[in-house]
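Undergrad: One structure coming up, written as structure tokens, with questions to follow.
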Amino acid sequence: MSGARHNAMMNWRRRRGSGSAIWDWESDAATGAASTGRASADVVRRRRLGAGLALVLLVAVGAVILAGGPGSHGRAQARARVRPPILVAPDRFDRAIDRVLAGSPLITEGGRRRREIALTFDDGPGPYTGHLLRVLTGLRVPATFFAIGNMERYFGASTVAEQRAGDVVGDHTQSHPFLARLSRADQRREIFAQAQRLHGLGLAFPRLFRPPYGSFDQSTLAQLRRFHMLMVLWSVDTQDYRQPGVATIVSRVVAGAHPGAIVLLHDGGGTRLQTIQALPIIVRRLRARHYHLVTVPQLLLNDPPPPGQAVPPRLTGG
Ligand SMILES: [Zn+2]
């Protein structure tokens, strides 16, 4: 079995109906030749998952019920309900992402015509995510999260709470590897496993992807193209994961702020109290400069970036 045939095992195909985007998949003819028992089981599982919108809704309802129990995540969710509703149909975000993808497989920032900035949080969900969500809700700031699959088992309720609050959840792989060090097949598994997990939590199949450590290669881009995902890098790196102090995190965001900026922050991977403490100051200072905080899809919808953005020479965060 060639690598290419194996990689073509699964094709996601997008359908639209009744104003909603529905993800479905079809197995390639190569699947039969490729099958190990595990691969076959995967195919069956994926087919079941893709059975239709009804199942998606059922899973969503189940996940919401599970997430509504007692504990900090349940409280975070209850607080999150007071967020203002998102007035843009999700389908419009999908089309905005499609338009960007037509010109470039990746972005580092949005367009520069509007004073809008997207705050993004990587490496959750984790023990600080609920607290972070409450702070964001209090600030009325929507955010974009790039979540790790292995964390969903423990903190999946926070991911559901993010989605219910109107935040956007993107794929940050299953186990946070350096993708450029992996084979093409392993890269696909890392990307797809988390997408599948988010789908299982009742979220839409993710349209946004961020590579851990900013590590990717042409194989990564090929897989993302197959899954109709846009790679979202960043234009402002706070390095908050190093815990440089609240004042330093704030000053890095404010100094780097520009129209269309995508800011890299973290809600997992260690103690995130500095990030959480920095947020109200960041938001206040950005708003004083007349910036509006939006999610990444909103940024792309309002002011799409020019095609063919250059990749920064040194990417160390993510
Ligand atoms: Zn990361």
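Ordering of the structure tokens sets the chain letters (A, B, ...), residue numbers begin anew at 1 in every chain, and ligands are numbered from 1 in the order given.
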Find the residues of chain A that sit at most 6 Å from ligand 1; for each, write down the nearest two atoms and how far apart they are in Å, to one decimal. Count only C-alpha atoms and all ligand atoms. Sort by chain, then by number going up, and give it as a tab-separated table.
TA:
residue	atom	partner	partner_atom_place_in_ligand_line	distance
A:Asp122	CA	ligand 1	1 (Zn)	5.2
A:Asp123	CA	ligand 1	1 (Zn)	4.6
A:Pro212	CA	ligand 1	1 (Zn)	4.3
A:Tyr213	CA	ligand 1	1 (Zn)	6.0
A:Gly318	CA	ligand 1	1 (Zn)	4.0
Undergrad: At a cut-off of 6 Å, using only C-alpha atoms, what residues contact stretch 249-256 of chain A? Leave out same-chain residues fewer than 3 positions from it and give the result as a ChimeraX atom specification.
TA: /A:236,238,246,278,282
Undergrad: Tell me, as an NGL selection string, which residues lie within 9 Å of A:Tyr291, counting only C-alpha atoms; anything in the same chain fewer than 2 positions away does not count.
TA: :A and (114-117 or 257-259 or 283 or 285-289 or 293)
Undergrad: Please measure the separation of atom CA of A:His292 and atom CA of A:Val141, giving the value in Å to one decimal.
TA: 9.0 Å
Undergrad: Do you know which residues are at most 10 Å from A:Leu182 counting only C-alpha atoms, after dropping those on the same chain fewer than 4 positions away, and could you put them as a list in words?
TA: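 In the requested form, the answer reads Pro177, Phe178, Asp186, Gln187, Arg188, Glu190, Phe216, Asp217, Ser219 and Thr220 of chain A.
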Undergrad: Hey, can you check how far atom CA of A:Ala143 sits from atom CA of A:Pro304?
TA: 17.6 Å
Undergrad: Considering only strand (DSSP E) as DSSP defines it on the backbone, what residues of stretch 107-295 of chain A qualify? List them as JSON, numbers by chain.
TA: {"A": [107, 116, 117, 118, 119, 120, 121, 122, 144, 145, 146, 147, 168, 169, 170, 171, 208, 209, 230, 231, 232, 236, 237, 262, 263, 264, 265, 266, 292, 293, 294]}
Undergrad: What is the distance, in Å and to one decimal place, between atom CA of A:Leu136 and atom CA of A:Pro211?
TA: 24.0 Å
Undergrad: For A:Ile191, list every protein, DNA or RNA residue within 7 Å, evaluated using only C-alpha atoms, and leave out those in the same chain fewer than 5 positions away; present the list as a compact mmCIF listing (two decimals) with C-alpha atoms, in the first residue's frame.
TA:
# COMPACT_ATOMS: atom_id res chain seq x y z
CA ASP A 171 -7.93 21.75 16.35
CA THR A 173 -3.86 17.93 17.47
CA GLN A 174 -4.46 14.96 19.68
Undergrad: Looking at A:Ile276, A:Pro125, A:Val311, A:Leu179, which one is nearest to A:Ser215, with distances taken over only C-alpha atoms?
TA: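 Going through A:Ile276, A:Pro125, A:Val311, A:Leu179 one by one, the smallest distance to A:Ser215 is for A:Leu179.
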Undergrad: Can you tell me, as an MDAnalysis selection string, what residues are no more than 9 Å from A:Asp303 when counting only C-alpha atoms, ignoring any on the same chain fewer than 3 positions away?
TA: chainID A and resid 110:114 116 260 298:300
Undergrad: Between A:Gly170, A:Gly103, A:Gly124, A:Pro305, which residue has the minimum interatomic distance to A:His266, considering only C-alpha atoms?
TA: A:Gly124
